[in-house]
Amino acid sequence: MNPGKLNDRITVKRLTRVADGFGGYNSTLADVTTAWCDFKQKSGEIEMVDGKRQRSIEAELIMRKKTADSISVGDIFVQENQTDKFRINEMFESELKYFVKIKATKVD
């Protein structure tokens, strides 16, 4: 892996509970980390879900292992200057011990 290919910036977010001041809780997305990665959209298909057409986009990231240590499956990331949210489904530490491959799906 060429480190020069890590030219896409993402912000990783995690769902957290925050007190609402009235004895209850609200769920909100809090920033976990910001990182450089190699971002690629791999596939996209349109399928029928509950009688409605739904578009599913799958993406793949490659990032440094030290940065990926603070990320977990289920976190959400947003690409810099974009509004699309992707949920992390799978993380794989490749044979190159310094990089991690992450697979994600777009969240609507």
# chains A, B, ... in the order shown; residues from 1 in each chain; ligands from 1
>>> closest_atom_pairs(of="region 13-62 of chain A", to="region 85-90 of chain A", cutoff="9 Å", atoms="only C-alpha atoms", output="Markdown table")
| residue | atom | partner | partner_atom | distance |
| --- | --- | --- | --- | --- |
| A:Ile57 | CA | A:Phe86 | CA | 8.8 |
| A:Glu58 | CA | A:Phe86 | CA | 8.5 |
| A:Ala59 | CA | A:Phe86 | CA | 8.0 |
>>> select_by_dssp(residues="chain A", states="helix (DSSP H, G or I)", output="list of chain:residue names")
A:Pro3, A:Gly4, A:Lys5, A:Lys65, A:Lys66, A:Thr67, A:Ala68
>>> residues_around(residues="Gln79 (chain A)", least_positions_apart="4", cutoff="9 Å", atoms="only C-alpha atoms", output="VMD selection string")
chain A and resid 8 to 12 39 83 to 86
>>> closest_residue(among="A:Leu6, A:Ile76, A:Ile71, A:Met91", to="Asp108 (chain A)", atoms="only C-alpha atoms")
A:Ile76
>>> atom_distance(atom1="CA of Ser43 (chain A)", atom2="CA of Tyr98 (chain A)")
25.9 Å
>>> closest_residue(among="A:Val49, A:Ala68, A:Ile62, A:Leu15", to="Asn2 (chain A)", atoms="only C-alpha atoms")
A:Ile62
